[in-house]
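Here is the file entry-v8.txt (compact mmCIF, C-alpha atoms).
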```
# COMPACT_ATOMS: atom_id res chain seq x y z
CA MET B 231 0.00 0.00 0.00
CA LYS B 232 1.30 3.41 -0.91
CA LYS B 233 2.18 5.41 2.17
CA ILE B 234 0.04 8.51 2.73
CA ILE B 235 1.72 11.55 4.19
CA LEU B 236 -0.45 14.28 5.65
CA LEU B 237 1.09 17.67 6.09
CA ALA B 238 -0.71 18.93 9.15
CA ALA B 239 0.72 22.42 9.16
CA ILE B 240 -1.91 24.65 10.68
CA GLY B 241 -1.33 28.38 10.94
CA LEU B 242 -2.33 30.76 13.70
CA GLY B 243 -5.85 31.15 12.40
CA ILE B 244 -5.96 34.96 12.49
CA VAL B 245 -8.64 35.45 9.87
CA SER B 246 -8.78 38.20 7.30
CA CYS B 247 -11.93 39.75 8.72
CA THR B 248 -10.13 40.63 11.96
CA THR B 249 -6.89 42.08 10.71
CA GLN B 250 -8.21 45.66 10.65
CA ASN B 251 -8.56 45.64 14.42
CA THR B 252 -4.80 45.78 14.84
CA ASN B 253 -4.82 47.09 18.39
CA LYS B 254 -6.45 43.84 19.57
CA MET B 255 -5.16 41.20 17.21
CA THR B 256 -1.84 40.81 18.96
CA ASP B 257 -3.82 39.52 21.95
CA LEU B 258 -5.70 36.80 20.07
CA PRO B 259 -5.88 33.43 21.86
CA LYS B 260 -3.36 32.11 19.37
CA ASP B 261 -1.34 30.34 22.02
CA TRP B 262 -3.93 28.57 24.16
CA LYS B 263 -6.20 27.58 21.30
CA HIS B 264 -3.50 25.28 19.86
CA THR B 265 -3.29 23.18 23.02
CA THR B 266 -6.81 23.50 24.41
CA ASN B 267 -9.67 21.05 24.66
CA ILE B 268 -13.38 21.82 25.02
CA TYR B 269 -15.81 20.33 27.52
CA GLU B 270 -19.49 20.89 26.74
CA VAL B 271 -21.58 21.65 29.82
CA ASN B 272 -25.27 20.74 29.84
CA VAL B 273 -26.23 22.81 32.90
CA ARG B 274 -29.81 21.50 33.07
CA GLN B 275 -28.77 17.85 33.28
CA TYR B 276 -25.45 18.24 35.09
CA THR B 277 -26.78 18.40 38.64
CA LYS B 278 -30.02 17.85 40.54
CA GLU B 279 -30.24 21.62 41.03
CA GLY B 280 -29.37 22.38 37.40
CA THR B 281 -27.79 25.72 38.29
CA PHE B 282 -24.55 27.60 37.76
CA LYS B 283 -23.88 27.48 41.52
CA ALA B 284 -24.21 23.70 41.55
CA PHE B 285 -21.98 23.26 38.52
CA GLU B 286 -19.35 25.55 40.00
CA LYS B 287 -18.65 22.89 42.62
CA GLU B 288 -17.70 20.44 39.83
CA MET B 289 -15.04 22.66 38.27
CA PRO B 290 -12.08 21.61 40.46
CA ARG B 291 -12.72 18.00 39.44
CA LEU B 292 -12.74 18.98 35.75
CA LYS B 293 -9.57 21.00 36.20
CA SER B 294 -7.90 17.95 37.71
CA MET B 295 -9.02 15.92 34.69
CA GLY B 296 -7.22 18.33 32.38
CA VAL B 297 -10.18 20.23 30.94
CA LYS B 298 -9.11 23.60 29.53
CA THR B 299 -12.16 25.27 27.97
CA LEU B 300 -15.75 25.08 29.25
CA TRP B 301 -18.51 25.46 26.65
CA PHE B 302 -21.91 26.20 28.14
CA MET B 303 -25.00 25.29 26.17
CA PRO B 304 -27.32 28.33 25.73
CA ILE B 305 -27.71 30.28 28.95
CA THR B 306 -30.48 32.61 27.72
CA PRO B 307 -34.18 32.34 28.72
CA ILE B 308 -36.27 29.77 26.83
CA ALA B 309 -39.29 30.86 24.81
CA GLN B 310 -42.57 29.46 26.13
CA GLN B 311 -44.78 29.74 23.06
CA ASN B 312 -44.74 26.47 21.05
CA LYS B 313 -42.02 25.10 23.32
CA LYS B 314 -41.17 21.42 23.17
CA GLY B 315 -41.77 19.24 26.20
CA SER B 316 -42.33 20.69 29.64
CA MET B 317 -39.09 22.68 29.77
CA GLY B 318 -38.40 23.64 26.17
CA SER B 319 -35.20 23.79 24.14
CA PRO B 320 -32.34 26.04 25.26
CA TYR B 321 -31.84 26.73 21.55
CA ALA B 322 -35.19 28.59 21.38
CA ALA B 323 -34.19 31.89 22.98
CA ALA B 324 -36.65 34.39 24.45
CA ASP B 325 -34.07 37.13 24.98
CA TYR B 326 -30.44 37.41 23.93
CA THR B 327 -29.26 39.48 26.90
CA SER B 328 -30.81 37.75 29.90
CA ILE B 329 -30.10 34.61 31.91
CA ASN B 330 -32.34 31.56 31.94
CA PRO B 331 -33.78 31.71 35.49
CA GLU B 332 -33.66 27.90 35.52
CA PHE B 333 -29.89 28.25 35.91
CA GLY B 334 -29.74 31.18 38.34
CA THR B 335 -29.01 34.88 37.95
CA LEU B 336 -26.62 37.00 35.92
CA ASP B 337 -24.56 37.48 39.08
CA ASP B 338 -24.42 33.70 39.51
CA PHE B 339 -23.08 33.36 35.98
CA LYS B 340 -20.51 36.12 36.51
CA HIS B 341 -19.35 34.48 39.73
CA MET B 342 -18.98 31.13 37.95
CA VAL B 343 -16.99 32.68 35.08
CA ASN B 344 -14.71 34.47 37.53
CA GLU B 345 -14.14 31.24 39.44
CA ALA B 346 -13.49 29.39 36.18
CA HIS B 347 -10.89 31.97 35.22
CA ARG B 348 -9.30 31.71 38.67
CA LEU B 349 -8.97 27.96 38.14
CA GLY B 350 -7.39 28.50 34.73
CA PHE B 351 -10.34 27.68 32.46
CA LYS B 352 -11.46 29.55 29.38
CA VAL B 353 -15.23 29.97 29.03
CA ILE B 354 -17.25 30.05 25.81
CA ILE B 355 -21.03 30.21 25.46
CA ASP B 356 -23.40 28.81 22.87
CA TRP B 357 -24.70 31.50 20.52
CA VAL B 358 -27.86 30.82 18.53
CA ALA B 359 -27.86 33.44 15.78
CA ASN B 360 -30.01 31.83 13.10
CA HIS B 361 -33.31 31.81 14.96
CA THR B 362 -35.19 32.58 18.16
CA GLY B 363 -38.21 31.21 19.97
CA TRP B 364 -41.71 32.41 19.05
CA ASP B 365 -42.02 34.89 21.93
CA HIS B 366 -38.53 36.35 21.86
CA VAL B 367 -38.64 40.03 22.85
CA TRP B 368 -37.76 41.00 19.28
CA THR B 369 -41.02 39.50 17.98
CA LYS B 370 -42.79 42.35 19.79
CA THR B 371 -40.27 45.17 19.62
CA HIS B 372 -38.82 44.42 16.16
CA PRO B 373 -40.99 42.00 14.16
CA GLU B 374 -39.21 43.27 11.05
CA PHE B 375 -36.11 41.40 12.23
CA TYR B 376 -37.70 38.10 11.15
CA LEU B 377 -38.26 36.25 7.92
CA LYS B 378 -41.95 36.07 7.00
CA ASP B 379 -44.03 33.61 5.02
CA PRO B 380 -46.32 34.86 2.20
CA ASP B 381 -49.18 35.04 4.70
CA GLY B 382 -47.13 37.38 6.90
CA LYS B 383 -46.47 34.87 9.67
CA PHE B 384 -43.04 34.24 11.10
CA HIS B 385 -41.05 31.69 9.11
CA ILE B 386 -40.52 28.42 10.96
CA ALA B 387 -36.98 27.05 10.94
CA SER B 388 -36.49 23.92 8.86
CA GLY B 389 -37.81 20.87 10.71
CA MET B 390 -38.11 22.68 14.07
CA ASP B 391 -41.50 24.22 14.78
CA ASP B 392 -40.50 25.77 18.11
CA ILE B 393 -38.18 28.32 16.47
CA ILE B 394 -38.48 31.09 13.85
CA GLU B 395 -35.77 32.43 11.56
CA LEU B 396 -34.19 35.85 11.55
CA ASP B 397 -33.74 38.00 8.44
CA TYR B 398 -30.07 38.72 7.83
CA LYS B 399 -30.90 41.16 5.06
CA ASN B 400 -32.02 43.49 7.85
CA GLN B 401 -28.98 45.55 8.79
CA GLU B 402 -30.49 46.82 12.04
CA MET B 403 -31.04 43.24 13.19
CA ARG B 404 -27.41 42.42 12.46
CA LEU B 405 -26.25 45.35 14.60
CA ALA B 406 -28.60 44.32 17.40
CA MET B 407 -27.23 40.77 17.26
CA ILE B 408 -23.66 42.06 17.43
CA ASP B 409 -24.56 44.29 20.39
CA ALA B 410 -26.08 41.28 22.16
CA MET B 411 -22.89 39.30 21.67
CA LYS B 412 -20.84 42.22 22.95
CA PHE B 413 -23.03 42.32 26.04
CA TRP B 414 -21.80 38.94 27.24
CA VAL B 415 -18.16 39.77 26.60
CA LYS B 416 -18.37 43.13 28.36
CA GLU B 417 -20.56 42.05 31.25
CA THR B 418 -19.23 38.58 32.01
CA ASP B 419 -15.74 38.44 30.42
CA ILE B 420 -16.33 35.23 28.47
CA ASP B 421 -13.56 34.04 26.13
CA GLY B 422 -15.50 33.13 23.01
CA PHE B 423 -18.53 31.62 21.34
CA ARG B 424 -19.68 28.26 20.04
CA CYS B 425 -21.93 29.35 17.18
CA ASP B 426 -24.93 27.10 16.66
CA LEU B 427 -25.75 26.20 13.03
CA ALA B 428 -23.18 28.77 11.94
CA SER B 429 -23.51 27.96 8.24
CA TRP B 430 -27.28 28.62 8.35
CA VAL B 431 -26.31 32.27 8.82
CA GLU B 432 -24.79 34.21 5.93
CA VAL B 433 -21.01 34.11 6.16
CA ASP B 434 -20.74 37.86 5.70
CA PHE B 435 -22.53 38.33 9.03
CA TRP B 436 -19.76 36.46 10.84
CA GLU B 437 -17.20 38.47 8.86
CA GLN B 438 -18.96 41.59 10.10
CA ALA B 439 -19.53 40.39 13.66
CA ARG B 440 -16.17 38.97 14.65
CA PRO B 441 -14.03 42.13 14.36
CA GLU B 442 -16.78 44.21 15.96
CA VAL B 443 -17.21 41.94 18.97
CA GLU B 444 -13.44 41.58 19.29
CA LYS B 445 -13.14 45.31 19.84
CA VAL B 446 -14.01 44.33 23.40
CA LYS B 447 -11.41 41.54 23.68
CA PRO B 448 -9.91 38.79 21.48
CA LEU B 449 -12.05 35.66 21.41
CA PHE B 450 -12.10 32.00 20.39
CA TRP B 451 -14.75 31.09 17.78
CA LEU B 452 -16.03 27.53 17.31
CA GLY B 453 -18.55 27.13 14.49
CA GLU B 454 -21.06 24.34 14.02
CA PHE B 455 -20.38 23.54 10.38
CA ASP B 456 -18.16 21.17 8.46
CA GLU B 457 -15.48 22.96 6.46
CA LEU B 458 -15.54 20.28 3.77
CA GLU B 459 -19.04 21.52 2.97
CA SER B 460 -18.79 25.20 3.95
CA SER B 461 -15.22 26.18 3.21
CA GLU B 462 -15.84 29.94 3.22
CA TYR B 463 -16.78 29.83 6.90
CA GLY B 464 -13.38 28.43 7.77
CA LYS B 465 -11.89 31.84 7.00
CA VAL B 466 -13.81 33.34 9.94
CA PHE B 467 -13.81 30.67 12.64
CA ASP B 468 -10.89 29.29 14.64
CA ALA B 469 -12.37 25.79 14.68
CA SER B 470 -15.29 23.92 13.15
CA TYR B 471 -17.08 20.61 13.43
CA SER B 472 -16.11 17.35 11.75
CA TRP B 473 -19.64 16.16 10.95
CA LYS B 474 -18.64 14.10 7.92
CA TRP B 475 -16.07 12.24 9.98
CA MET B 476 -18.56 11.56 12.74
CA HIS B 477 -21.19 10.19 10.37
CA LYS B 478 -18.74 8.17 8.30
CA SER B 479 -17.03 6.70 11.34
CA ALA B 480 -20.41 5.64 12.77
CA ASP B 481 -21.31 4.03 9.43
CA TYR B 482 -17.90 2.38 9.35
CA TYR B 483 -18.64 0.61 12.61
CA LYS B 484 -22.33 -0.14 12.16
CA LYS B 485 -22.25 -1.04 8.47
CA ASN B 486 -18.79 -2.65 8.36
CA GLU B 487 -17.51 -0.16 5.82
CA SER B 488 -13.88 0.12 4.73
CA LEU B 489 -11.30 1.67 7.04
CA GLN B 490 -9.62 3.06 3.94
CA GLY B 491 -12.67 5.28 3.48
CA LEU B 492 -11.98 6.86 6.86
CA LYS B 493 -8.32 7.36 6.01
CA ASP B 494 -9.29 8.98 2.71
CA LEU B 495 -11.59 11.35 4.58
CA LEU B 496 -8.76 12.34 6.90
CA VAL B 497 -6.73 13.24 3.84
CA GLN B 498 -9.60 15.45 2.67
CA TYR B 499 -9.71 17.24 6.01
CA SER B 500 -5.96 17.73 5.94
CA ASN B 501 -6.17 19.15 2.42
CA ILE B 502 -8.43 21.96 3.63
CA GLY B 503 -5.27 23.66 4.79
CA ASP B 504 -4.49 24.61 8.30
CA ASN B 505 -5.53 28.18 8.87
CA SER B 506 -8.41 26.70 10.86
CA MET B 507 -8.89 23.64 13.04
CA ARG B 508 -11.40 20.83 13.33
CA ALA B 509 -13.14 19.78 16.56
CA TRP B 510 -13.15 15.99 17.00
CA PHE B 511 -15.68 14.21 19.21
CA THR B 512 -17.47 10.94 19.80
CA THR B 513 -20.62 12.56 21.21
CA ASN B 514 -22.29 15.88 21.99
CA HIS B 515 -25.73 17.09 23.10
CA ASP B 516 -27.37 16.48 19.71
CA GLU B 517 -25.81 13.09 19.11
CA ASN B 518 -26.44 11.78 22.61
CA SER B 519 -30.11 12.77 22.72
CA TRP B 520 -31.18 12.02 19.16
CA ASN B 521 -28.81 9.42 17.70
CA GLY B 522 -27.61 7.51 20.74
CA THR B 523 -24.70 7.38 23.14
CA GLU B 524 -21.15 7.01 21.90
CA TYR B 525 -21.34 3.35 22.91
CA GLU B 526 -24.42 2.81 20.76
CA LYS B 527 -22.60 4.38 17.81
CA TYR B 528 -19.11 2.94 18.22
CA GLY B 529 -19.40 -0.16 20.38
CA VAL B 530 -16.00 -1.79 20.94
CA ILE B 531 -14.09 1.02 19.20
CA THR B 532 -15.49 3.75 21.47
CA LYS B 533 -12.22 4.21 23.36
CA PRO B 534 -9.99 4.05 20.26
CA MET B 535 -12.25 6.72 18.73
CA ALA B 536 -11.88 8.84 21.86
CA VAL B 537 -8.09 8.50 21.67
CA PHE B 538 -8.25 9.60 18.04
CA SER B 539 -10.34 12.65 18.93
CA ALA B 540 -7.76 13.74 21.51
CA THR B 541 -4.65 13.16 19.38
CA TRP B 542 -5.49 13.99 15.76
CA ASN B 543 -4.87 17.48 14.42
CA GLY B 544 -7.37 19.88 15.92
CA VAL B 545 -9.38 20.38 19.12
CA PRO B 546 -10.75 17.53 21.29
CA LEU B 547 -14.38 18.07 22.29
CA LEU B 548 -15.99 16.21 25.22
CA TYR B 549 -19.57 16.18 26.44
CA SER B 550 -20.93 16.16 29.99
CA GLY B 551 -20.68 12.72 31.55
CA GLN B 552 -18.14 11.10 29.24
CA GLU B 553 -15.81 10.76 32.21
CA LEU B 554 -18.26 8.34 33.86
CA PRO B 555 -18.90 7.02 31.18
CA ASN B 556 -22.52 8.09 30.58
CA MET B 557 -24.40 5.16 29.09
CA LYS B 558 -27.81 6.75 28.55
CA ARG B 559 -29.46 9.15 26.15
CA LEU B 560 -30.31 12.35 28.00
CA GLU B 561 -33.75 13.89 27.52
CA PHE B 562 -33.57 17.21 25.71
CA PHE B 563 -36.78 18.98 26.73
CA GLU B 564 -37.18 17.51 30.22
CA LYS B 565 -35.14 17.27 33.40
CA ASP B 566 -32.97 14.15 33.14
CA VAL B 567 -29.94 14.38 35.43
CA ILE B 568 -26.78 12.51 34.52
CA LYS B 569 -26.44 9.50 36.82
CA TRP B 570 -23.17 10.45 38.46
CA THR B 571 -21.16 8.04 40.57
CA ASN B 572 -18.03 8.63 42.60
CA THR B 573 -15.92 6.39 40.39
CA TYR B 574 -15.53 8.46 37.20
CA GLN B 575 -14.08 5.41 35.46
CA ASN B 576 -12.87 7.35 32.42
CA ALA B 577 -11.46 10.37 34.26
CA ASP B 578 -7.87 9.09 34.36
CA PHE B 579 -8.13 7.98 30.74
CA TYR B 580 -9.08 11.49 29.67
CA LYS B 581 -6.61 13.10 32.06
CA ILE B 582 -3.72 11.31 30.38
CA LEU B 583 -4.93 12.28 26.90
CA LEU B 584 -5.82 15.90 27.68
CA ASN B 585 -2.57 16.55 29.54
CA LEU B 586 -0.61 14.98 26.69
CA LYS B 587 -2.42 17.24 24.23
CA ALA B 588 -1.64 20.27 26.37
CA ARG B 589 2.05 19.60 26.97
CA ASN B 590 3.42 17.88 23.86
CA PRO B 591 4.21 20.21 20.94
CA ALA B 592 3.62 17.35 18.48
CA LEU B 593 -0.10 17.45 19.33
CA LYS B 594 -0.59 21.15 18.75
CA GLY B 595 -3.54 21.93 16.55
CA GLY B 596 -3.02 24.76 14.11
CA ASP B 597 0.76 24.79 14.33
CA ALA B 598 2.68 25.15 11.09
CA ASN B 599 5.58 23.16 12.52
CA VAL B 600 3.54 19.98 13.09
CA ARG B 601 3.40 17.15 10.56
CA THR B 602 1.07 14.15 10.74
CA TYR B 603 1.87 10.88 8.96
CA LEU B 604 -0.51 7.99 8.46
CA LEU B 605 1.59 4.86 8.94
CA ASN B 606 1.58 1.72 6.84
CA THR B 607 0.87 -1.51 8.76
CA THR B 608 0.40 -5.17 7.87
CA ALA B 609 -3.27 -4.77 8.83
CA ASN B 610 -4.29 -1.56 7.11
CA ASP B 611 -7.90 -2.72 6.96
CA LYS B 612 -8.10 -2.96 10.76
CA ILE B 613 -5.48 -0.65 12.26
CA LEU B 614 -5.29 3.14 12.23
CA ALA B 615 -1.74 4.23 13.06
CA TYR B 616 -0.19 7.66 12.79
CA VAL B 617 2.70 9.67 14.14
CA ARG B 618 2.69 13.42 14.71
CA LYS B 619 5.98 15.29 14.72
CA ASN B 620 7.12 18.74 15.78
CA GLY B 621 10.90 19.01 15.75
CA LYS B 622 12.28 16.45 18.20
CA ASP B 623 8.85 15.82 19.73
CA GLU B 624 6.79 12.91 18.40
CA VAL B 625 3.56 11.18 19.40
CA LEU B 626 2.67 7.76 18.02
CA VAL B 627 -0.97 6.58 18.09
CA VAL B 628 -2.03 3.03 17.23
CA LEU B 629 -5.74 2.08 17.28
CA ASN B 630 -7.53 -1.21 16.77
CA MET B 631 -10.51 -0.08 14.68
CA SER B 632 -11.80 -3.61 14.13
CA LYS B 633 -14.13 -5.91 16.06
CA GLU B 634 -11.48 -8.60 16.52
CA ALA B 635 -8.01 -9.20 17.90
CA VAL B 636 -5.20 -8.28 15.50
CA ASP B 637 -1.52 -9.22 15.31
CA PHE B 638 0.34 -6.79 13.08
CA SER B 639 3.47 -4.75 12.57
CA ILE B 640 4.13 -1.19 11.46
CA GLU B 641 6.16 -1.06 8.25
CA ASP B 642 6.99 2.58 7.81
CA GLU B 643 10.17 4.64 7.70
CA ASN B 644 8.46 7.48 9.60
CA LEU B 645 8.61 5.47 12.81
CA SER B 646 11.88 4.83 14.63
CA GLY B 647 13.57 5.43 17.95
CA SER B 648 12.61 5.08 21.59
CA PHE B 649 9.16 6.10 22.87
CA LYS B 650 7.33 6.00 26.21
CA ASN B 651 3.87 4.47 26.47
CA VAL B 652 1.83 7.26 28.09
CA PHE B 653 -0.74 4.89 29.61
CA GLU B 654 1.62 2.23 30.90
CA GLY B 655 4.79 4.22 31.55
CA THR B 656 6.97 1.65 29.78
CA LYS B 657 9.57 2.45 27.15
CA ARG B 658 9.86 0.84 23.75
CA ASP B 659 12.40 1.16 20.94
CA PHE B 660 10.78 0.95 17.52
CA THR B 661 14.02 0.95 15.55
CA ASN B 662 13.88 -2.82 15.05
CA ASP B 663 10.73 -4.08 16.78
CA LYS B 664 7.44 -2.74 15.42
CA ASN B 665 5.22 -5.71 16.19
CA PHE B 666 1.93 -5.50 18.09
CA LYS B 667 -0.62 -7.92 19.51
CA PHE B 668 -3.91 -6.07 19.99
CA LYS B 669 -7.05 -7.38 21.63
CA VAL B 670 -10.48 -5.97 20.77
CA SER B 671 -10.75 -2.28 21.81
CA ASP B 672 -6.97 -1.97 22.23
CA PHE B 673 -5.06 1.23 21.62
CA ALA B 674 -1.59 2.54 22.40
CA VAL B 675 -0.18 6.06 22.63
CA PHE B 676 3.56 6.74 22.82
CA GLU B 677 5.58 9.93 23.05
CA LYS B 678 9.22 10.51 22.16
```
Let me see the file written as structure tokens.
Amino acid sequence: MKKIILLAAIGLGIVSCTTQNTNKMTDLPKDWKHTTNIYEVNVRQYTKEGTFKAFEKEMPRLKSMGVKTLWFMPITPIAQQNKKGSMGSPYAAADYTSINPEFGTLDDFKHMVNEAHRLGFKVIIDWVANHTGWDHVWTKTHPEFYLKDPDGKFHIASGMDDIIELDYKNQEMRLAMIDAMKFWVKETDIDGFRCDLASWVEVDFWEQARPEVEKVKPLFWLGEFDELESSEYGKVFDASYSWKWMHKSADYYKKNESLQGLKDLLVQYSNIGDNSMRAWFTTNHDENSWNGTEYEKYGVITKPMAVFSATWNGVPLLYSGQELPNMKRLEFFEKDVIKWTNTYQNADFYKILLNLKARNPALKGGDANVRTYLLNTTANDKILAYVRKNGKDEVLVVLNMSKEAVDFSIEDENLSGSFKNVFEGTKRDFTNDKNFKFKVSDFAVFEK
């Protein structure tokens, strides 16, 4: 098999739409974003209380696990008209500049952000720009901000009858949206946004919004879109989703598709270029609630997939409860608290991976000095192996992506020298011995 070499040279990600704001751009999060990870917080389901104050007590544990950036699902009030279930969707906002009373007060949120910063976290919030709920304050004060159907009624968002779409041809609405985003940066000192359905909003809005909001402070921008399908958005956002990878990897496991197809897709992602990054994950709030837990999707390769997400080029993204692990689908429109235990069986697993990501230069996302090489093995149809290099620093990752035990060897000139197994602490010299015996679900991560 011909060896595939991926040049994973990602730049600093300072996008063209922000370069005019020169007094702020030197302060962009261009250092921490290359080594960060993101932990999605579902406040409603995280604790029995479902409040910021209750979650705040969990932050030291997450810090110990190596979490760097906390992403909070929407914190704004939920619209009541046409809401789903008894509690409604947090993605159907009733007001862009208020706190959902279910979670506490604005002061509670400020206190939590301050405590998060004291502990060393970055904080980003979910921003739902494409649509609002039916009784959002704008529906009364500015009905002209919305798209309308021929009969004059608000236009329902595709497939979701609890939300209505905004009209981005309306320049006043755009300015009001930007002011609302600024509010959270000014008032609460957040560090960025995760932008819901970012590609459903015209790209020129984000090009307009980012430099304006960053007049307050430099921010990290994660967009919910796949750059293979919406390449123009990659010029604005620091990181984006890897939806095609997630769907194809799930099909790979469930439908016994070819591993080569996954490797080919990784080449496509690499060929995007590296002025932006991808977020890699095995689950999130949408996937868990609507399509099943990571264990339903990935079965025996769940942990190898998690290792991949933490070590491939980009940003690892975790969801509330993965450290347990959480084995149930969480209700979306009702109270359904995660069934926490005191064991946190996966906490050490993630701690090793997240700390490795943070400290080893070979795992930097968006660094022009990093190269990633897919390695040739004697079991290319079952094993995903790659090495990432940055100068003298190297990280080797070997994953059993099959449903069976595999004996194999790596046959590739890009692997040589002595490495340390980060999970076992043992050393191994790959100059002459590159043989492996993997059981089902096995994986190995080494650093030089």
Would you give me, as a tab-separated table, each residue of range 386-458 of chain B having an atom within 10 Å of an atom of range 472-495 of chain B, along with its shortest atom pair and that distance in Å to one decimal, using all atoms listed in the file and sorting by chain and residue number?
```
residue	atom	partner	partner_atom	distance
B:Glu454	CA	B:Trp473	CA	8.9
B:Phe455	CA	B:Trp473	CA	7.4
B:Asp456	CA	B:Ser472	CA	5.4
B:Glu457	CA	B:Ser472	CA	7.7
B:Leu458	CA	B:Lys474	CA	8.1
```
Checklist entry - Can you list, as a PyMOL selection string, every protein, DNA or RNA residue that comes within 6 Å of range 565-568 of chain B when you count only C-alpha atoms, leaving out same-chain residues fewer than 3 positions away? => result chain B and resi 275-276+561
Checklist entry - Trp451 in chain B: which residues within 8 Å, counting only C-alpha atoms, same-chain residues fewer than 3 positions away excluded, as a list in words? => result Gly422, Phe423, Arg424, Cys425, Phe467, Asp468 and Ala469 of chain B
Item to check | Selection near His366 in chain B, 10 Å with all atoms listed in the file, sequence-local residues under 5 positions removed, as a ChimeraX atom specification | outcome: /B:307-311,322-326,361,371-373,393-394
Checklist entry - At a cut-off of 8 Å from (-15.3, 0.0, 17.6) in the coordinates of the file, what residues are picked up using only C-alpha atoms, written as a PyMOL selection string? => result chain B and resi 483+528-535+630-633+671
Grab the residues selected above and save them as a PDB file, in the coordinates of the input with C-alpha atoms.
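Listing of out-v4.pdb after writing:
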```pdb
ATOM      1  CA  TYR B 483     -18.640   0.610  12.610  1.00  0.00           C
ATOM      2  CA  TYR B 528     -19.110   2.940  18.220  1.00  0.00           C
ATOM      3  CA  GLY B 529     -19.400  -0.160  20.380  1.00  0.00           C
ATOM      4  CA  VAL B 530     -16.000  -1.790  20.940  1.00  0.00           C
ATOM      5  CA  ILE B 531     -14.090   1.020  19.200  1.00  0.00           C
ATOM      6  CA  THR B 532     -15.490   3.750  21.470  1.00  0.00           C
ATOM      7  CA  LYS B 533     -12.220   4.210  23.360  1.00  0.00           C
ATOM      8  CA  PRO B 534      -9.990   4.050  20.260  1.00  0.00           C
ATOM      9  CA  MET B 535     -12.250   6.720  18.730  1.00  0.00           C
ATOM     10  CA  ASN B 630      -7.530  -1.210  16.770  1.00  0.00           C
ATOM     11  CA  MET B 631     -10.510  -0.080  14.680  1.00  0.00           C
ATOM     12  CA  SER B 632     -11.800  -3.610  14.130  1.00  0.00           C
ATOM     13  CA  LYS B 633     -14.130  -5.910  16.060  1.00  0.00           C
ATOM     14  CA  SER B 671     -10.750  -2.280  21.810  1.00  0.00           C
TER      15      SER B 671
END
```
Checklist entry - If I put a ball of radius 7 Å at (-27.1, 27.3, 24.9) in the file's coordinates, which residues poke into it when counting only C-alpha atoms, written as a PyMOL selection string? => result chain B and resi 302-306+320-321+355-357
Item to check | Nearest-residue call for Arg559 in chain B, choices B:Arg601, B:Lys314, B:His515, B:Lys416, using all atoms listed in the file | outcome: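 Of all the options, B:His515 lies closest to Arg559 in chain B.
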Checklist entry - Of the candidates B:Lys412, B:Lys581, B:Lys298, B:Lys447, which shows the shortest atom-to-atom distance to Glu270 in chain B, using only C-alpha atoms? => result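 Smallest separation from Glu270 in chain B among the options: B:Lys298.
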Item to check | Interatomic distance (Å, one decimal) between CA of Val466 in chain B and CA of Glu437 in chain B | outcome: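 Rounded to one decimal, the two atoms are 6.2 Å apart.
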Padding of 4 Å on every side, edges along x, y and z, all listed atoms of range 294-309 of chain B included: what centre and edge lengths in Å, to one decimal, does that box have, as JSON?
```
{"center_x": -23.3, "center_y": 24.3, "center_z": 31.3, "size_x": 40.1, "size_y": 24.7, "size_z": 20.9}
```
Item to check | Shell of 9 Å around Ser646 in chain B, all atoms listed in the file, local chain residues under 4 positions omitted, as a PyMOL selection string | outcome: chain B and resi 642+659-662+664
Item to check | Distance in Å - CA of Thr541 in chain B versus CA of Lys669 in chain B | outcome: 20.8 Å
Item to check | Among the residues B:Ala410, B:Met289, B:Met403, B:Val358, the one that comes closest to Ser319 in chain B [using all atoms listed in the file] | outcome: B:Val358
Item to check | Option closest in space to Glu286 in chain B, from B:Tyr580, B:Trp262, B:Phe649, B:Phe339 [counting all atoms listed in the file] | outcome: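 Result for the nearest residue to Glu286 in chain B: B:Phe339.
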Your completed range 515-520 of chain B with N, CA, C and O atoms, as a PDB file, keeping the file's coordinate frame:
```
ATOM      1  N   HIS B 515     -24.337  17.057  22.641  1.00  0.00           N
ATOM      2  CA  HIS B 515     -25.730  17.090  23.100  1.00  0.00           C
ATOM      3  C   HIS B 515     -26.702  16.585  22.042  1.00  0.00           C
ATOM      4  O   HIS B 515     -27.660  15.874  22.354  1.00  0.00           O
ATOM      5  N   ASP B 516     -26.485  16.944  20.783  1.00  0.00           N
ATOM      6  CA  ASP B 516     -27.370  16.480  19.710  1.00  0.00           C
ATOM      7  C   ASP B 516     -27.252  14.977  19.513  1.00  0.00           C
ATOM      8  O   ASP B 516     -28.252  14.258  19.459  1.00  0.00           O
ATOM      9  N   GLU B 517     -26.025  14.509  19.391  1.00  0.00           N
ATOM     10  CA  GLU B 517     -25.810  13.090  19.110  1.00  0.00           C
ATOM     11  C   GLU B 517     -26.337  12.217  20.248  1.00  0.00           C
ATOM     12  O   GLU B 517     -27.003  11.212  20.022  1.00  0.00           O
ATOM     13  N   ASN B 518     -26.028  12.595  21.474  1.00  0.00           N
ATOM     14  CA  ASN B 518     -26.440  11.780  22.610  1.00  0.00           C
ATOM     15  C   ASN B 518     -27.963  11.666  22.686  1.00  0.00           C
ATOM     16  O   ASN B 518     -28.507  10.579  22.869  1.00  0.00           O
ATOM     17  N   SER B 519     -28.660  12.779  22.538  1.00  0.00           N
ATOM     18  CA  SER B 519     -30.110  12.770  22.720  1.00  0.00           C
ATOM     19  C   SER B 519     -30.859  12.161  21.546  1.00  0.00           C
ATOM     20  O   SER B 519     -31.861  11.464  21.733  1.00  0.00           O
ATOM     21  N   TRP B 520     -30.379  12.403  20.334  1.00  0.00           N
ATOM     22  CA  TRP B 520     -31.180  12.020  19.160  1.00  0.00           C
ATOM     23  C   TRP B 520     -30.667  10.786  18.437  1.00  0.00           C
ATOM     24  O   TRP B 520     -31.447  10.049  17.832  1.00  0.00           O
TER      25      TRP B 520
END
```
